[in-house]
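Have a look at the structure below, then the notes.
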Amino acid sequence: MTQSEGRATVKVLLVDDNRGFLTLARHLLAEVPGTELVGMGQDGFEAVKLAEQLRPDLVVMDISMPGMGGLQATRLIKVQDQPPQVVVVSHYDDAAHREHAHAAGADGFVAKNDFEREIAGVIDRCRQNRQPREVLDV
Amino acid sequence: MSESRVLVIDRDPTRLQNLAACLAFIDHTPILAETPAGLRLEGRRPQDWLAVILGELEDWSEARQFVDWLKRDRRHPPLIVLPPYHEKAIKEFELDPSACLPADYPVKYHQLNELLKRAGLLRMEQEAAMVRRAGGPGGQSAAIRRVRRLIEQVAAFDTTVLVTGESGTGKEVVARAIHDASPRRDKPFVAVNCGAIPSELLESELFGHEKGAFTGAITTRKGRFEMADGGTLFLDEIGDMSLPMQVKILRALQERTYERVGSNRSVRCDVRVIAATHRNLEEAIVKGSFREDLYYRLNVFPIETPPLRERLEDLPLLIDDLVAGLGRHGHAGIRLGADAIHALRAYHWPGNVRELSNLIERLAVLHPKSMVGVQDLPARYRSTAVEAPLAAVPELAAERPPAAPLVPSPLEDGGLLPATPVADLAVLPADGVNLKDHIESIELALIRQAMTQSNGVVAHAAKLLNTRRTTLVEKLRKYGLSRDLPGVEVAGETLEP
């Protein structure tokens, strides 16, 4: 976490096998003040590796990807050191998808159709919920 | 494993391209092949695809071979068959109709979207089952044996059960165990997480809705009460439910009837309700966020699931179960070294068994077919461990003669108490210690030394420690040591690692 002008910067990792969504999300993030895109991955396994290596504050994680999907990646990321918050994004938005994301330990769920409208709120909630790193560092 | 790839096999290149565009539009990754023979199957698994769309085939016997390969995996993806080949495919491939679904062409977006959504949810449910323990809560601690006794006591009756306990302690495992031991076991077990579903959607999710009841209700839909008819409905995170919804649930429980959203007709329900929460409902009642009458309606038979930190003796057994479970579902096996298990025993497990399950899954993915040592654990699981004793033992073993003479009491030989690590353990740090973990660390260090001195013969080591052999065997199991010392003799047999 870095500080700029009194606002903590939220470091974001984007993970999706859909390059179109990655491009869109990158542009939308660039418009949200106080965010820094630290990396992009294309499957769950990359997400696990990058989350450990880059130590983002927030992972925006697609639910269905080749090989390791977003739910398994979320479970694995949540036991790394200084685990980031994970918001699952999904083409499908229904109760069952939300329950699966919740059970995997995701901190939030956003339908891809609503991503543009909700991304600023997601970043704000991440900033509010974030624990100081020194607390997480055991 | 929430897979995005969809395999499309069709000899018509135009149709292939049309399907590819449609799949990409609904956020799936198309993999295209004109014939099954065009696929390289070496190193592939049927589950590499969420679904397989079959169009026109050049050679059905070739397709038959491919489908036979798919069927070797009982969790193979469904076939979605384009017209006019559906009937022929069911007959030719001898597939259950639930695994061979018809689709229209030209593609109807909503239909294909719905078929792939169902395939995805099925895959997610399979994945969830993989990490969910079957057969009730595992372990032999007094706390978990008590939970099992309560499950046995209540299962046969339709009594409403309230399962409380911290997040990740296995409340759903308890609920499923009650259902599986109940007369309703052959009927559905339906779970709903009230905390994961937005409150505005929860009513229709629980009670269903009529067509046109609200925007987006394009068809009549069953709710979870109706899906659970005759079986068990598990209301997880009931403490997160809004007050208006609590009123509706209370009525359904009291009157055994409910109405679908958009309907005035009452529907009778025959469900056994098990509710769960990690929240303190009595505090919630005082704060006004939970209804007292609902609490008493739910809290007929309370069961509390113990946190993992209060039953750490179960840890080795739980780890074995989790590793075996992952192995059954195709994960490469792993083994945890005694030093790793010791470190995990010193951890406080705020996320309980779910956190342990996630950790074991992570280790299995990142260190397949390996012996996982303490150095392979994320730092937060290492830092609370007392480091010296286990690290010191291999060197001690190497330095000592292979068959050290037996001595009647370890206290007679100052050399048995290794100066540095254990002596340091006897000094109280400024910020205090966890006494139980601390004493166990000392005990573990002494057991390791006794086992090393006695060349792994438990009976001899027991004499060195002036304890019964069976007691030592139990302690070896408790610390997960039995498999990790070469040639350790446990319960009359020599176990090879």
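Quick note on naming: the chains in the structure tokens go A, B, ... in the order shown, residues restart at 1 in each chain, and ligands are numbered from 1 in order of appearance.
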For chain A, list the residues within 9 Å of chain B, counting only C-alpha atoms, and write the list as a PDB file with N, CA and C atoms, in the first residue's frame.
ATOM      1  N   ASP A  17      -9.400 -14.756 -18.523  1.00  0.00           N
ATOM      2  CA  ASP A  17      -8.886 -15.274 -19.791  1.00  0.00           C
ATOM      3  C   ASP A  17      -9.491 -14.512 -20.975  1.00  0.00           C
ATOM      4  N   ASN A  18     -10.428 -13.647 -20.681  1.00  0.00           N
ATOM      5  CA  ASN A  18     -11.076 -12.855 -21.734  1.00  0.00           C
ATOM      6  C   ASN A  18     -10.305 -11.530 -21.871  1.00  0.00           C
ATOM      7  N   GLY A  44      -6.330 -19.138 -13.225  1.00  0.00           N
ATOM      8  CA  GLY A  44      -6.242 -19.181 -11.767  1.00  0.00           C
ATOM      9  C   GLY A  44      -4.838 -19.442 -11.268  1.00  0.00           C
ATOM     10  N   PHE A  45      -4.113 -20.279 -11.986  1.00  0.00           N
ATOM     11  CA  PHE A  45      -2.764 -20.604 -11.532  1.00  0.00           C
ATOM     12  C   PHE A  45      -1.875 -19.362 -11.575  1.00  0.00           C
ATOM     13  N   ILE A  63     -14.567 -15.827 -12.788  1.00  0.00           N
ATOM     14  CA  ILE A  63     -14.947 -17.093 -12.141  1.00  0.00           C
ATOM     15  C   ILE A  63     -14.564 -18.293 -13.014  1.00  0.00           C
ATOM     16  N   SER A  64     -14.724 -18.180 -14.336  1.00  0.00           N
ATOM     17  CA  SER A  64     -14.429 -19.354 -15.172  1.00  0.00           C
ATOM     18  C   SER A  64     -13.264 -19.061 -16.105  1.00  0.00           C
ATOM     19  N   MET A  65     -12.244 -19.884 -15.951  1.00  0.00           N
ATOM     20  CA  MET A  65     -11.017 -19.724 -16.732  1.00  0.00           C
ATOM     21  C   MET A  65     -10.468 -21.111 -17.042  1.00  0.00           C
ATOM     22  N   PRO A  66      -9.600 -21.214 -18.038  1.00  0.00           N
ATOM     23  CA  PRO A  66      -9.066 -22.533 -18.379  1.00  0.00           C
ATOM     24  C   PRO A  66      -8.159 -23.081 -17.281  1.00  0.00           C
ATOM     25  N   GLY A  67      -8.228 -24.388 -17.068  1.00  0.00           N
ATOM     26  CA  GLY A  67      -7.362 -25.001 -16.049  1.00  0.00           C
ATOM     27  C   GLY A  67      -7.894 -24.711 -14.669  1.00  0.00           C
ATOM     28  N   MET A  68      -7.225 -23.827 -13.950  1.00  0.00           N
ATOM     29  CA  MET A  68      -7.706 -23.473 -12.618  1.00  0.00           C
ATOM     30  C   MET A  68      -8.627 -22.259 -12.721  1.00  0.00           C
ATOM     31  N   GLY A  69      -9.852 -22.417 -12.265  1.00  0.00           N
ATOM     32  CA  GLY A  69     -10.819 -21.331 -12.320  1.00  0.00           C
ATOM     33  C   GLY A  69     -10.659 -20.367 -11.149  1.00  0.00           C
ATOM     34  N   GLY A  70     -11.520 -19.369 -11.125  1.00  0.00           N
ATOM     35  CA  GLY A  70     -11.399 -18.308 -10.136  1.00  0.00           C
ATOM     36  C   GLY A  70     -11.742 -18.723  -8.717  1.00  0.00           C
ATOM     37  N   LEU A  71     -12.624 -19.719  -8.560  1.00  0.00           N
ATOM     38  CA  LEU A  71     -13.009 -20.109  -7.202  1.00  0.00           C
ATOM     39  C   LEU A  71     -11.849 -20.839  -6.511  1.00  0.00           C
ATOM     40  N   GLN A  72     -11.234 -21.776  -7.230  1.00  0.00           N
ATOM     41  CA  GLN A  72     -10.112 -22.490  -6.629  1.00  0.00           C
ATOM     42  C   GLN A  72      -8.963 -21.519  -6.357  1.00  0.00           C
ATOM     43  N   ALA A  73      -8.708 -20.625  -7.314  1.00  0.00           N
ATOM     44  CA  ALA A  73      -7.627 -19.651  -7.118  1.00  0.00           C
ATOM     45  C   ALA A  73      -7.897 -18.791  -5.882  1.00  0.00           C
ATOM     46  N   ARG A  75      -9.578 -19.655  -3.182  1.00  0.00           N
ATOM     47  CA  ARG A  75      -9.289 -20.454  -1.972  1.00  0.00           C
ATOM     48  C   ARG A  75      -7.790 -20.504  -1.692  1.00  0.00           C
ATOM     49  N   LEU A  76      -6.999 -20.673  -2.754  1.00  0.00           N
ATOM     50  CA  LEU A  76      -5.555 -20.809  -2.554  1.00  0.00           C
ATOM     51  C   LEU A  76      -4.918 -19.473  -2.168  1.00  0.00           C
ATOM     52  N   ILE A  77      -5.404 -18.398  -2.744  1.00  0.00           N
ATOM     53  CA  ILE A  77      -4.844 -17.071  -2.446  1.00  0.00           C
ATOM     54  C   ILE A  77      -5.144 -16.675  -1.000  1.00  0.00           C
ATOM     55  N   LYS A  78      -6.291 -17.090  -0.510  1.00  0.00           N
ATOM     56  CA  LYS A  78      -6.695 -16.662   0.830  1.00  0.00           C
ATOM     57  C   LYS A  78      -5.824 -17.253   1.943  1.00  0.00           C
ATOM     58  N   VAL A  79      -4.971 -18.245   1.604  1.00  0.00           N
ATOM     59  CA  VAL A  79      -4.065 -18.756   2.642  1.00  0.00           C
ATOM     60  C   VAL A  79      -2.613 -18.327   2.393  1.00  0.00           C
ATOM     61  N   GLN A  80      -2.403 -17.405   1.468  1.00  0.00           N
ATOM     62  CA  GLN A  80      -1.040 -16.894   1.304  1.00  0.00           C
ATOM     63  C   GLN A  80      -0.781 -15.867   2.409  1.00  0.00           C
ATOM     64  N   ASP A  81       0.465 -15.425   2.505  1.00  0.00           N
ATOM     65  CA  ASP A  81       0.760 -14.359   3.454  1.00  0.00           C
ATOM     66  C   ASP A  81       0.160 -13.058   2.955  1.00  0.00           C
ATOM     67  N   GLN A  82      -0.297 -12.243   3.863  1.00  0.00           N
ATOM     68  CA  GLN A  82      -0.924 -10.967   3.530  1.00  0.00           C
ATOM     69  C   GLN A  82      -1.934 -11.144   2.395  1.00  0.00           C
ATOM     70  N   SER A  90     -18.285 -12.220 -12.722  1.00  0.00           N
ATOM     71  CA  SER A  90     -18.886 -13.349 -13.430  1.00  0.00           C
ATOM     72  C   SER A  90     -19.842 -12.873 -14.510  1.00  0.00           C
ATOM     73  N   HIS A  91     -19.804 -13.593 -15.621  1.00  0.00           N
ATOM     74  CA  HIS A  91     -20.791 -13.336 -16.682  1.00  0.00           C
ATOM     75  C   HIS A  91     -22.193 -13.657 -16.166  1.00  0.00           C
ATOM     76  N   TYR A  92     -22.291 -14.696 -15.338  1.00  0.00           N
ATOM     77  CA  TYR A  92     -23.590 -15.104 -14.786  1.00  0.00           C
ATOM     78  C   TYR A  92     -23.775 -14.479 -13.410  1.00  0.00           C
ATOM     79  N   ASP A  94     -26.373 -14.946 -10.482  1.00  0.00           N
ATOM     80  CA  ASP A  94     -27.545 -15.519  -9.808  1.00  0.00           C
ATOM     81  C   ASP A  94     -27.106 -15.964  -8.412  1.00  0.00           C
ATOM     82  N   ALA A  95     -28.093 -16.419  -7.647  1.00  0.00           N
ATOM     83  CA  ALA A  95     -27.804 -16.770  -6.248  1.00  0.00           C
ATOM     84  C   ALA A  95     -26.739 -17.852  -6.159  1.00  0.00           C
ATOM     85  N   ALA A  96     -26.822 -18.870  -7.043  1.00  0.00           N
ATOM     86  CA  ALA A  96     -25.880 -19.992  -6.930  1.00  0.00           C
ATOM     87  C   ALA A  96     -24.446 -19.530  -7.175  1.00  0.00           C
ATOM     88  N   HIS A  97     -24.242 -18.675  -8.183  1.00  0.00           N
ATOM     89  CA  HIS A  97     -22.875 -18.189  -8.430  1.00  0.00           C
ATOM     90  C   HIS A  97     -22.377 -17.362  -7.252  1.00  0.00           C
ATOM     91  N   ARG A  98     -23.249 -16.546  -6.676  1.00  0.00           N
ATOM     92  CA  ARG A  98     -22.844 -15.739  -5.519  1.00  0.00           C
ATOM     93  C   ARG A  98     -22.507 -16.633  -4.324  1.00  0.00           C
ATOM     94  N   GLU A  99     -23.287 -17.687  -4.130  1.00  0.00           N
ATOM     95  CA  GLU A  99     -23.011 -18.589  -2.998  1.00  0.00           C
ATOM     96  C   GLU A  99     -21.674 -19.309  -3.176  1.00  0.00           C
ATOM     97  N   HIS A 100     -21.391 -19.739  -4.410  1.00  0.00           N
ATOM     98  CA  HIS A 100     -20.114 -20.416  -4.648  1.00  0.00           C
ATOM     99  C   HIS A 100     -18.942 -19.451  -4.395  1.00  0.00           C
ATOM    100  N   ALA A 101     -19.093 -18.205  -4.856  1.00  0.00           N
ATOM    101  CA  ALA A 101     -18.009 -17.225  -4.647  1.00  0.00           C
ATOM    102  C   ALA A 101     -17.805 -16.979  -3.150  1.00  0.00           C
ATOM    103  N   HIS A 102     -18.892 -16.852  -2.433  1.00  0.00           N
ATOM    104  CA  HIS A 102     -18.837 -16.627  -0.985  1.00  0.00           C
ATOM    105  C   HIS A 102     -18.159 -17.801  -0.292  1.00  0.00           C
ATOM    106  N   ALA A 103     -18.538 -19.015  -0.700  1.00  0.00           N
ATOM    107  CA  ALA A 103     -17.967 -20.210  -0.062  1.00  0.00           C
ATOM    108  C   ALA A 103     -16.472 -20.328  -0.337  1.00  0.00           C
ATOM    109  N   ALA A 104     -16.031 -19.806  -1.481  1.00  0.00           N
ATOM    110  CA  ALA A 104     -14.599 -19.864  -1.797  1.00  0.00           C
ATOM    111  C   ALA A 104     -13.806 -18.834  -1.002  1.00  0.00           C
ATOM    112  N   LEU A 136      -1.195  -7.640   9.374  1.00  0.00           N
ATOM    113  CA  LEU A 136      -1.221  -8.927   8.692  1.00  0.00           C
ATOM    114  C   LEU A 136       0.128  -9.629   8.754  1.00  0.00           C
ATOM    115  N   ASP A 137       1.187  -8.859   8.797  1.00  0.00           N
ATOM    116  CA  ASP A 137       2.516  -9.467   8.894  1.00  0.00           C
ATOM    117  C   ASP A 137       2.690 -10.078  10.268  1.00  0.00           C
ATOM    118  N   VAL A 138       2.624 -11.392  10.352  1.00  0.00           N
ATOM    119  CA  VAL A 138       2.747 -12.019  11.670  1.00  0.00           C
ATOM    120  C   VAL A 138       4.217 -12.143  12.001  1.00  0.00           C
TER     121      VAL A 138
END
With a cut-off of 7 Å, could you pull out the residues of range 205-277 of chain B touching range 151-161 of chain B and give me the nearest pair of atoms for each, distance in Å to one decimal, using only C-alpha atoms, ordered by chain and ascending number, as a tab-separated table?
residue	atom	partner	partner_atom	distance
B:Arg272	CA	B:Asp158	CA	5.7
B:Val273	CA	B:Thr160	CA	5.3
B:Ile274	CA	B:Val161	CA	4.8
B:Ala275	CA	B:Val161	CA	6.3
Length of the CA of His331 in chain B to CA of Val372 in chain B vector [Å]: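 Atom-to-atom, CA of His331 in chain B and CA of Val372 in chain B are spaced 15.0 Å apart.
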In range 158-394 of chain B, DSSP strand (DSSP E) residues written as a PyMOL selection string: chain B and resi 161-164+189-193+232-236+257-259+266-268+272-277+301-304+335-336+371-372
Helix (DSSP H, G or I) positions in range 30-80 of chain A, given as a VMD selection string: chain A and resid 30 44 to 54 70 to 77
Long-range neighbours of His27 in chain A as a list in words, 12 Å cut-off, only C-alpha atoms, 3 positions minimum in chain: Leu14, Gly20, Phe21, Leu22, Thr23, Leu24, Ala30, Glu31, Val32, Thr35, Glu36, Leu37, Phe115, Glu116 and Ile119 of chain A
